[in-house]
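S.K.: Before anything else, here's the structure in question.
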Amino acid sequence: MQFVDVSVPAGGMSKSRVTAADEETVEDVNLYLYHRQSGACFRRYVRSATPIRLRLPKGEYDIYVIANYGTAMGEQSQTDVENFQFVLSEESDFEDSGVLPMSGDCTIDLDGNRAIEVELKRLVAKVDVKINM
């Protein structure tokens, strides 16, 4: 068994021109690691952005992070996590939390203890459409 420390830095993302939400804060993390050889899923939910330490078997892993979802997402298939979409119909939908939902993914070959960072990108964008008639 090997140790992997996964961190999710959100800083450095490009800022939206107008938004009421914080685009850099990570309040909670749903972390999914899928072992390519066995198909096993290892998951964690944490209410912070501190590095998450897991003890895992050696092998290749597909890693997915969904941040600022607000709650544990529970068991998910890899397909469901790969195709995850977050829909906001109104800007006010995220005013309670004040943070934007974000996600990121990567693949690693774990053959010894290591620390990795999974870069996050926001899952929503604001689009204003002006129709001239």
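Identifiers in this document derive from the order of the structure tokens: chains are assigned A, B, ..., residues are numbered from 1 separately in each chain, and ligands are numbered from 1 in order of occurrence.
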Can you tell me, as a list in words, what residues are no more than 8 Å from Glu60 (chain A) when counting only C-alpha atoms, ignoring any on the same chain fewer than 2 positions away?
M.R.: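 Counting only C-alpha atoms, the residues come to His35, Arg36, Gln37, Lys58, Asp62, Thr107, Ile108, Asp109 and Leu110 of chain A.
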S.K.: Just asking: which residues within region 29-113 of chain A are strand (DSSP E) according to DSSP, as a ChimeraX atom specification?
M.R.: /A:29-35,41-46,52-56,59-67,102-110
S.K.: Considering only alpha helix (DSSP H) as DSSP defines it on the backbone, what residues of region 18-87 of chain A qualify? List them as a count of residues only.
M.R.: 5
S.K.: So that I can check the surroundings of Tyr64 (chain A), please list as JSON, numbers by chain every protein, DNA and RNA residue that reaches within 9 Å of it, counting only C-alpha atoms and ignoring chain neighbours fewer than 2 positions away.
M.R.: {"A": [30, 31, 32, 33, 34, 62, 66, 78, 81, 82, 103, 104, 105, 106, 107, 118]}
S.K.: Any idea what's packed within 9 Å of Tyr69 (chain A), counting only C-alpha atoms, ignoring anything in its chain fewer than 3 positions away? Could you give it as a ChimeraX atom specification?
M.R.: /A:27-30,66,72-73,86,100-102
S.K.: So that I can see what lies close to Gly112 (chain A), please list as a list of chain:residue names the residues with an atom at most 9 Å from it, counting only C-alpha atoms and leaving out residues fewer than 6 positions away in the same chain.
M.R.: A:Met1, A:Gln2, A:Phe3, A:Val4, A:Lys58
S.K.: For all heavy atoms, I'd like the residues from the last selection saved as a PDB file, in the first residue's frame.
M.R.:
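What follows is the written file selection-v4.pdb:
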```pdb
ATOM      1  N   MET A   1       0.833  -1.183   0.000  1.00  0.00           N
ATOM      2  CA  MET A   1       0.000   0.000   0.000  1.00  0.00           C
ATOM      3  C   MET A   1       0.881   1.250   0.000  1.00  0.00           C
ATOM      4  O   MET A   1       1.893   1.297   0.672  1.00  0.00           O
ATOM      5  CB  MET A   1      -0.912   0.036   1.223  1.00  0.00           C
ATOM      6  CG  MET A   1      -1.912  -1.107   1.266  1.00  0.00           C
ATOM      7  SD  MET A   1      -3.109  -0.991  -0.037  1.00  0.00           S
ATOM      8  CE  MET A   1      -4.589  -0.853   0.865  1.00  0.00           C
ATOM      9  N   GLN A   2       0.415   2.247  -0.749  1.00  0.00           N
ATOM     10  CA  GLN A   2       1.138   3.503  -0.894  1.00  0.00           C
ATOM     11  C   GLN A   2       0.267   4.635  -0.368  1.00  0.00           C
ATOM     12  O   GLN A   2      -0.951   4.524  -0.338  1.00  0.00           O
ATOM     13  CB  GLN A   2       1.461   3.765  -2.371  1.00  0.00           C
ATOM     14  CG  GLN A   2       2.079   2.602  -3.103  1.00  0.00           C
ATOM     15  CD  GLN A   2       3.384   2.156  -2.484  1.00  0.00           C
ATOM     16  OE1 GLN A   2       4.280   2.958  -2.305  1.00  0.00           O
ATOM     17  NE2 GLN A   2       3.479   0.903  -2.136  1.00  0.00           N
ATOM     18  N   PHE A   3       0.910   5.734  -0.007  1.00  0.00           N
ATOM     19  CA  PHE A   3       0.174   6.923   0.406  1.00  0.00           C
ATOM     20  C   PHE A   3       0.194   7.939  -0.721  1.00  0.00           C
ATOM     21  O   PHE A   3       1.216   8.142  -1.372  1.00  0.00           O
ATOM     22  CB  PHE A   3       0.794   7.557   1.657  1.00  0.00           C
ATOM     23  CG  PHE A   3       0.525   6.784   2.911  1.00  0.00           C
ATOM     24  CD1 PHE A   3       1.495   5.948   3.443  1.00  0.00           C
ATOM     25  CD2 PHE A   3      -0.698   6.881   3.548  1.00  0.00           C
ATOM     26  CE1 PHE A   3       1.254   5.226   4.596  1.00  0.00           C
ATOM     27  CE2 PHE A   3      -0.953   6.159   4.701  1.00  0.00           C
ATOM     28  CZ  PHE A   3       0.029   5.325   5.233  1.00  0.00           C
ATOM     29  N   VAL A   4      -0.965   8.559  -0.952  1.00  0.00           N
ATOM     30  CA  VAL A   4      -1.046   9.670  -1.890  1.00  0.00           C
ATOM     31  C   VAL A   4      -1.750  10.821  -1.179  1.00  0.00           C
ATOM     32  O   VAL A   4      -2.749  10.617  -0.489  1.00  0.00           O
ATOM     33  CB  VAL A   4      -1.774   9.272  -3.209  1.00  0.00           C
ATOM     34  CG1 VAL A   4      -3.206   8.874  -2.954  1.00  0.00           C
ATOM     35  CG2 VAL A   4      -1.712  10.393  -4.228  1.00  0.00           C
ATOM     36  N   LYS A  58      -0.889  -0.072  -5.219  1.00  0.00           N
ATOM     37  CA  LYS A  58      -0.156   0.422  -6.387  1.00  0.00           C
ATOM     38  C   LYS A  58      -1.023   0.282  -7.629  1.00  0.00           C
ATOM     39  O   LYS A  58      -1.910  -0.566  -7.684  1.00  0.00           O
ATOM     40  CB  LYS A  58       1.126  -0.388  -6.593  1.00  0.00           C
ATOM     41  CG  LYS A  58       2.188  -0.126  -5.570  1.00  0.00           C
ATOM     42  CD  LYS A  58       3.444  -0.919  -5.904  1.00  0.00           C
ATOM     43  CE  LYS A  58       4.522  -0.657  -4.877  1.00  0.00           C
ATOM     44  NZ  LYS A  58       5.769  -1.373  -5.195  1.00  0.00           N
TER      45      LYS A  58
END
```
